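Below is one structure, written out as structure tokens, with a few remarks after it.
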Amino acid sequence: MNHSYPVYTVEAECQDCYKCVRHCPVKAIQVRDGHAAVIPEMCVACGNCVEVCPVKAKQVRNGTGRARQLLAGDVPVYASLAPSWVSEFRGVSAAQLIRALKELGFTGVSETALGAQLVSARLARELDTAPEGLLLSSACPTSVDFIRKYLPELAENITPVASPLIAHCQLLHDTFGENIRTVFIGPCIAKKNESDRHPELLSLALTYPELRQLFREEGIDPKRVTPKADDSFIPESAEEGARYPIEGGMNDTIAFQTTNRKVHYVTLSGLENIELALSGLGELPKGETIFVEMLACHGGCVHGPCAEHDSPGLLERLRVLNYAKLPEQPKERTTQGGIGDDFPAAAFAPPAPGISEITAALRSIGKNSPEDELNCDGCGYDTCRNFAQALLAGRAEPSMCVSYLKKQAQKKANALLRSISSAVVITDKKLQIIECNRNFAALFGEDILEAFDACPGLAGADLTRIVPFAGLFASALQSGHDVRRDSLKVGKRLYNLNIFNIEPREVVGAVIFDVTNTEMRREQIAARAREVIDRNLATVQEIACRLGEQMADTELLLRSIADNYADEPAENDAQREKAES
């Protein structure tokens, strides 16, 4: 996590969706272990990755802590407020916003548009005597960095004039003394780079969200503050310079002042449009002078990466036009300090791999022939070959290739299906087979097995023509619940069936066993067991019967003996009595 650069990644939040790669115009993203990080030396701080990140893993370096330190110090701090504020803070008057900023601790508030007026005036004077050729504006720091890094052959065509922000900071220092601090507030992330490059003029750059954070933490609501009589822009309010945040606004202010009517004015907004218009540009036709206003954001700064976009872009532009009024006559705009600057080429030249290296990289992701190169853009790169170059440069990983991952997953799934001894089938909601293994085909006859051998997997086959119990699949798809049958009898066969949901009501799978032979063996064993039981029972019954008969005979014998013993004493007594008498 590199917090020193204006844009960084919170790795714990990054969900390896590669959306930032797809939307980065210069592919200044390195993916490692599934996490996408910004490459500072390649980045132009356009903010696209910040805007498109669905989980807010791309963050802008926060300067609120530094702002509190500056505002709590003894040195006066002046705010340079971007002219897009009229669209950003709707329903808030200039006086209210100035009062709110003063309550934060700012000594005064000035419009960055004053610096824009100085730049336009300087360029108008130069265009009055400009030689033929191409001139590129220096107002947008993102566009300037894009030219310097990716179209370095055109860097010498950038006008040697400071950006409106740096010109404005120079104006503030000239007006209020060198012992001041300046803080920019606006929708642009690239202004943080300008702050890093010109700390002697620009102490800090804040975005609109950071300003709102400061307002919240201090309990300040710009809509509710009551302005005072002296709450106005210093040293004066801007005029034509306030048009800079919309496309064509810069050209309007320059054309308004120059006397050279032979200059062609062109506005290019969006880095892709700038690249499309200027890439491969050779010499212009003789006698032609073209001034190109370059804006990295479509529509201009009102649509910057750190601006709110909860209203149509046309209304955002209209608010700026209604606020920025051109004076009736051009005015002399100068400042004591110079506002010149230079923008040398800073070409980013990654190593150029050879064809053999690119071919090897393509093969590593399963691209063995030109037909395999789908150029689907799923990885974030326009072509498979560009992706291969990113792989070689260490900025990408093979897992970013969707088709490669799909093939790998398919191979693993096929290996599992082949190794499973059971019959397995996967079908969609139309009961068309997505995938099955050979055991499934063998389960339902020689014809199905031959079809499988001709078309492995039977993709697209109608399940109802193969499986006699397809209705159970339809039931599982309709209900979204799994279906289990331990002994499903179909004709003379018995099946063990387990239908499970993969995507409820969309895709189901099934594991099927033919348990006919198993059940027959069980019945045979059960029959034999019943025979044994019956024989044992008969034996027991016979034994019981014989025991009963023996018990009866024994009982008769014992009774007879008992009766004999009972009669003998009575006879003896009678004989004794007769003898005695």
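Ordered as shown in the structure tokens, chains take letters A, B, and onward, while each chain numbers its residues from 1 and ligands are numbered from 1 in the order shown.
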- Please give the complete set of residues from range 291-502 of chain A that DSSP, run on the backbone, assigns to strand (DSSP E), formatted as number ranges by chain. A: 291-295, 423-428, 433-436, 483-490, 493-502
Write the residues of the preceding selection, restricted to N, CA, C and O atoms, as a tab-separated table (two decimals), in the first residue's frame.
```tsv
chain	number	residue	atom	x	y	z
A	291	PHE	N	-4.36	25.22	-32.00
A	291	PHE	CA	-4.22	25.19	-30.55
A	291	PHE	C	-5.21	24.16	-30.01
A	291	PHE	O	-6.42	24.24	-30.27
A	292	VAL	N	-4.70	23.18	-29.28
A	292	VAL	CA	-5.53	22.09	-28.76
A	292	VAL	C	-5.70	22.25	-27.26
A	292	VAL	O	-4.73	22.23	-26.49
A	293	GLU	N	-6.94	22.44	-26.85
A	293	GLU	CA	-7.29	22.45	-25.43
A	293	GLU	C	-7.48	21.01	-24.99
A	293	GLU	O	-8.38	20.32	-25.48
A	294	MET	N	-6.63	20.52	-24.10
A	294	MET	CA	-6.68	19.12	-23.67
A	294	MET	C	-7.28	19.01	-22.27
A	294	MET	O	-6.83	19.69	-21.34
A	295	LEU	N	-8.29	18.17	-22.15
A	295	LEU	CA	-8.92	17.90	-20.86
A	295	LEU	C	-9.01	16.38	-20.69
A	295	LEU	O	-9.53	15.68	-21.54
A	423	ALA	N	-22.44	-42.65	-12.14
A	423	ALA	CA	-22.93	-41.91	-13.29
A	423	ALA	C	-23.26	-40.50	-12.84
A	423	ALA	O	-23.98	-40.29	-11.86
A	424	VAL	N	-22.71	-39.50	-13.54
A	424	VAL	CA	-22.91	-38.10	-13.18
A	424	VAL	C	-23.38	-37.33	-14.40
A	424	VAL	O	-22.85	-37.50	-15.50
A	425	VAL	N	-24.38	-36.47	-14.19
A	425	VAL	CA	-24.89	-35.64	-15.28
A	425	VAL	C	-25.24	-34.26	-14.71
A	425	VAL	O	-25.67	-34.14	-13.56
A	426	ILE	N	-25.02	-33.24	-15.53
A	426	ILE	CA	-25.39	-31.86	-15.17
A	426	ILE	C	-26.27	-31.33	-16.29
A	426	ILE	O	-25.93	-31.47	-17.48
A	427	THR	N	-27.40	-30.74	-15.94
A	427	THR	CA	-28.35	-30.27	-16.94
A	427	THR	C	-28.86	-28.88	-16.61
A	427	THR	O	-28.83	-28.45	-15.45
A	428	ASP	N	-29.32	-28.16	-17.64
A	428	ASP	CA	-29.85	-26.82	-17.42
A	428	ASP	C	-31.36	-26.88	-17.25
A	428	ASP	O	-31.97	-27.95	-17.23
A	433	ILE	N	-28.43	-31.40	-21.54
A	433	ILE	CA	-27.22	-31.81	-20.80
A	433	ILE	C	-26.10	-30.79	-21.01
A	433	ILE	O	-25.82	-30.37	-22.13
A	434	ILE	N	-25.52	-30.37	-19.90
A	434	ILE	CA	-24.35	-29.49	-19.95
A	434	ILE	C	-23.07	-30.33	-19.96
A	434	ILE	O	-22.15	-30.07	-20.71
A	435	GLU	N	-23.05	-31.38	-19.14
A	435	GLU	CA	-21.88	-32.24	-19.04
A	435	GLU	C	-22.31	-33.56	-18.41
A	435	GLU	O	-23.22	-33.60	-17.58
A	436	CYS	N	-21.68	-34.63	-18.81
A	436	CYS	CA	-21.89	-35.93	-18.17
A	436	CYS	C	-20.63	-36.76	-18.35
A	436	CYS	O	-19.76	-36.44	-19.16
A	483	VAL	N	-33.58	-33.65	-4.71
A	483	VAL	CA	-34.45	-34.83	-4.79
A	483	VAL	C	-33.59	-36.07	-4.56
A	483	VAL	O	-32.53	-36.23	-5.16
A	484	ARG	N	-34.07	-36.96	-3.68
A	484	ARG	CA	-33.32	-38.18	-3.38
A	484	ARG	C	-34.27	-39.38	-3.43
A	484	ARG	O	-35.35	-39.34	-2.84
A	485	ARG	N	-33.85	-40.42	-4.14
A	485	ARG	CA	-34.59	-41.67	-4.20
A	485	ARG	C	-33.61	-42.81	-3.97
A	485	ARG	O	-32.69	-43.03	-4.77
A	486	ASP	N	-33.83	-43.58	-2.89
A	486	ASP	CA	-32.91	-44.67	-2.57
A	486	ASP	C	-33.15	-45.90	-3.45
A	486	ASP	O	-32.21	-46.60	-3.81
A	487	SER	N	-34.40	-46.16	-3.79
A	487	SER	CA	-34.73	-47.33	-4.62
A	487	SER	C	-35.82	-46.94	-5.60
A	487	SER	O	-37.01	-47.14	-5.34
A	488	LEU	N	-35.39	-46.32	-6.69
A	488	LEU	CA	-36.33	-45.89	-7.72
A	488	LEU	C	-36.46	-47.01	-8.74
A	488	LEU	O	-35.51	-47.33	-9.45
A	489	LYS	N	-37.67	-47.59	-8.82
A	489	LYS	CA	-37.89	-48.72	-9.72
A	489	LYS	C	-38.40	-48.22	-11.06
A	489	LYS	O	-39.41	-47.52	-11.14
A	490	VAL	N	-37.68	-48.54	-12.11
A	490	VAL	CA	-38.06	-48.19	-13.47
A	490	VAL	C	-37.99	-49.48	-14.29
A	490	VAL	O	-36.89	-49.97	-14.61
A	493	ARG	N	-35.47	-52.36	-13.45
A	493	ARG	CA	-34.23	-51.84	-12.89
A	493	ARG	C	-34.52	-50.98	-11.66
A	493	ARG	O	-35.60	-50.38	-11.54
A	494	LEU	N	-33.56	-50.93	-10.79
A	494	LEU	CA	-33.64	-50.12	-9.58
A	494	LEU	C	-32.48	-49.13	-9.58
A	494	LEU	O	-31.34	-49.50	-9.88
A	495	TYR	N	-32.79	-47.86	-9.25
A	495	TYR	CA	-31.76	-46.82	-9.25
A	495	TYR	C	-31.71	-46.14	-7.89
A	495	TYR	O	-32.74	-45.93	-7.24
A	496	ASN	N	-30.49	-45.78	-7.52
A	496	ASN	CA	-30.28	-44.89	-6.38
A	496	ASN	C	-29.97	-43.52	-6.97
A	496	ASN	O	-28.98	-43.35	-7.68
A	497	LEU	N	-30.80	-42.51	-6.69
A	497	LEU	CA	-30.74	-41.22	-7.38
A	497	LEU	C	-30.62	-40.08	-6.39
A	497	LEU	O	-31.37	-40.02	-5.40
A	498	ASN	N	-29.68	-39.17	-6.65
A	498	ASN	CA	-29.52	-37.96	-5.83
A	498	ASN	C	-29.38	-36.77	-6.76
A	498	ASN	O	-28.34	-36.59	-7.40
A	499	ILE	N	-30.45	-35.96	-6.89
A	499	ILE	CA	-30.43	-34.75	-7.73
A	499	ILE	C	-30.20	-33.56	-6.81
A	499	ILE	O	-30.94	-33.35	-5.84
A	500	PHE	N	-29.19	-32.75	-7.13
A	500	PHE	CA	-28.83	-31.62	-6.28
A	500	PHE	C	-28.77	-30.33	-7.12
A	500	PHE	O	-28.45	-30.36	-8.30
A	501	ASN	N	-29.08	-29.20	-6.48
A	501	ASN	CA	-29.09	-27.90	-7.15
A	501	ASN	C	-27.69	-27.31	-7.19
A	501	ASN	O	-26.99	-27.26	-6.18
A	502	ILE	N	-27.28	-26.89	-8.36
A	502	ILE	CA	-26.03	-26.15	-8.53
A	502	ILE	C	-26.33	-24.66	-8.56
A	502	ILE	O	-25.74	-23.87	-7.83
```
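Using only C-alpha atoms, the protein and nucleic acid residues lying no more than 9 Å from range 372-387 of chain A, apart from those fewer than 3 places from it along its own chain, are A:Cys17, A:Tyr18, A:Lys19, A:Cys20, A:Val21, A:Arg22, A:His23, A:Cys24, A:Lys27, A:Ile358, A:Thr359, A:Ala361, A:Leu362, A:Gly366, A:Lys367, A:Asn368, A:Ser369, A:Ala390, A:Leu391, A:Leu392, A:Ala396, A:Ser399, A:Met400, A:Cys401, A:Val402, A:Ser403.
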Residues from the last selection, N, CA and C atoms, saved as a short mmCIF file (atom, residue, chain, number, x, y, z; two decimals), in the first residue's frame:
```cif
data_model
loop_
_atom_site.label_atom_id
_atom_site.label_comp_id
_atom_site.auth_asym_id
_atom_site.auth_seq_id
_atom_site.Cartn_x
_atom_site.Cartn_y
_atom_site.Cartn_z
N CYS A 17 -11.30 -8.04 -9.36
CA CYS A 17 -12.27 -8.00 -10.47
C CYS A 17 -11.64 -7.43 -11.74
N TYR A 18 -10.49 -6.77 -11.61
CA TYR A 18 -9.73 -6.21 -12.74
C TYR A 18 -10.49 -5.09 -13.46
N LYS A 19 -11.49 -4.53 -12.81
CA LYS A 19 -12.22 -3.43 -13.44
C LYS A 19 -11.33 -2.22 -13.61
N CYS A 20 -10.43 -2.00 -12.65
CA CYS A 20 -9.52 -0.86 -12.75
C CYS A 20 -8.58 -1.02 -13.95
N VAL A 21 -8.17 -2.27 -14.23
CA VAL A 21 -7.30 -2.52 -15.38
C VAL A 21 -8.04 -2.18 -16.67
N ARG A 22 -9.29 -2.62 -16.75
CA ARG A 22 -10.08 -2.37 -17.97
C ARG A 22 -10.26 -0.89 -18.23
N HIS A 23 -10.42 -0.09 -17.17
CA HIS A 23 -10.74 1.32 -17.35
C HIS A 23 -9.52 2.24 -17.29
N CYS A 24 -8.36 1.71 -16.96
CA CYS A 24 -7.16 2.54 -16.93
C CYS A 24 -6.69 2.79 -18.35
N LYS A 27 -3.03 1.57 -18.54
CA LYS A 27 -2.75 0.26 -17.91
C LYS A 27 -1.66 0.37 -16.85
N ILE A 358 6.74 -13.46 -26.46
CA ILE A 358 5.29 -13.26 -26.46
C ILE A 358 4.58 -14.58 -26.77
N THR A 359 5.11 -15.34 -27.71
CA THR A 359 4.51 -16.63 -28.06
C THR A 359 4.53 -17.57 -26.86
N ALA A 361 4.62 -16.69 -23.71
CA ALA A 361 3.66 -16.18 -22.72
C ALA A 361 2.24 -16.55 -23.09
N LEU A 362 1.94 -16.48 -24.38
CA LEU A 362 0.60 -16.87 -24.85
C LEU A 362 0.34 -18.35 -24.60
N GLY A 366 -2.64 -20.99 -22.52
CA GLY A 366 -3.43 -21.82 -23.41
C GLY A 366 -3.71 -21.22 -24.77
N LYS A 367 -2.95 -20.20 -25.19
CA LYS A 367 -3.13 -19.59 -26.51
C LYS A 367 -2.06 -20.16 -27.45
N ASN A 368 -2.38 -21.29 -28.06
CA ASN A 368 -1.40 -21.98 -28.88
C ASN A 368 -1.48 -21.64 -30.36
N SER A 369 -2.52 -20.92 -30.73
CA SER A 369 -2.68 -20.52 -32.13
C SER A 369 -3.43 -19.20 -32.18
N ALA A 390 2.05 -7.73 -20.73
CA ALA A 390 1.90 -7.38 -19.32
C ALA A 390 2.37 -8.53 -18.43
N LEU A 391 2.12 -9.75 -18.85
CA LEU A 391 2.62 -10.91 -18.11
C LEU A 391 4.14 -10.89 -18.04
N LEU A 392 4.75 -10.63 -19.19
CA LEU A 392 6.21 -10.60 -19.25
C LEU A 392 6.80 -9.46 -18.42
N ALA A 396 0.83 -8.49 -14.69
CA ALA A 396 -0.39 -9.28 -14.79
C ALA A 396 -0.10 -10.71 -14.36
N SER A 399 -4.04 -15.90 -14.05
CA SER A 399 -5.41 -16.06 -13.57
C SER A 399 -6.34 -14.94 -14.01
N MET A 400 -5.78 -13.87 -14.58
CA MET A 400 -6.62 -12.78 -15.07
C MET A 400 -7.32 -13.15 -16.37
N CYS A 401 -6.83 -14.17 -17.06
CA CYS A 401 -7.41 -14.58 -18.34
C CYS A 401 -8.64 -15.44 -18.07
N VAL A 402 -9.80 -14.94 -18.42
CA VAL A 402 -11.05 -15.64 -18.15
C VAL A 402 -11.13 -16.96 -18.92
N SER A 403 -10.76 -16.93 -20.20
CA SER A 403 -10.84 -18.15 -21.00
C SER A 403 -9.85 -19.20 -20.49
#
```
- Task: Excluding range 226-237 of chain A and any residue of its chain fewer than 6 positions from it, enumerate the residues within 12 Å of it, using only C-alpha atoms, and give them as number ranges by chain.
- Result: A: 78-81, 83, 92-103, 106-115, 117, 168, 171-176, 220, 323-325
- Message: Could you check the closest approach to Ala393 in chain A for each of A:Thr518, A:Gln30, A:Asn193, A:Asn179 and tell me which residue wins, using only C-alpha atoms?
- Response: A:Gln30
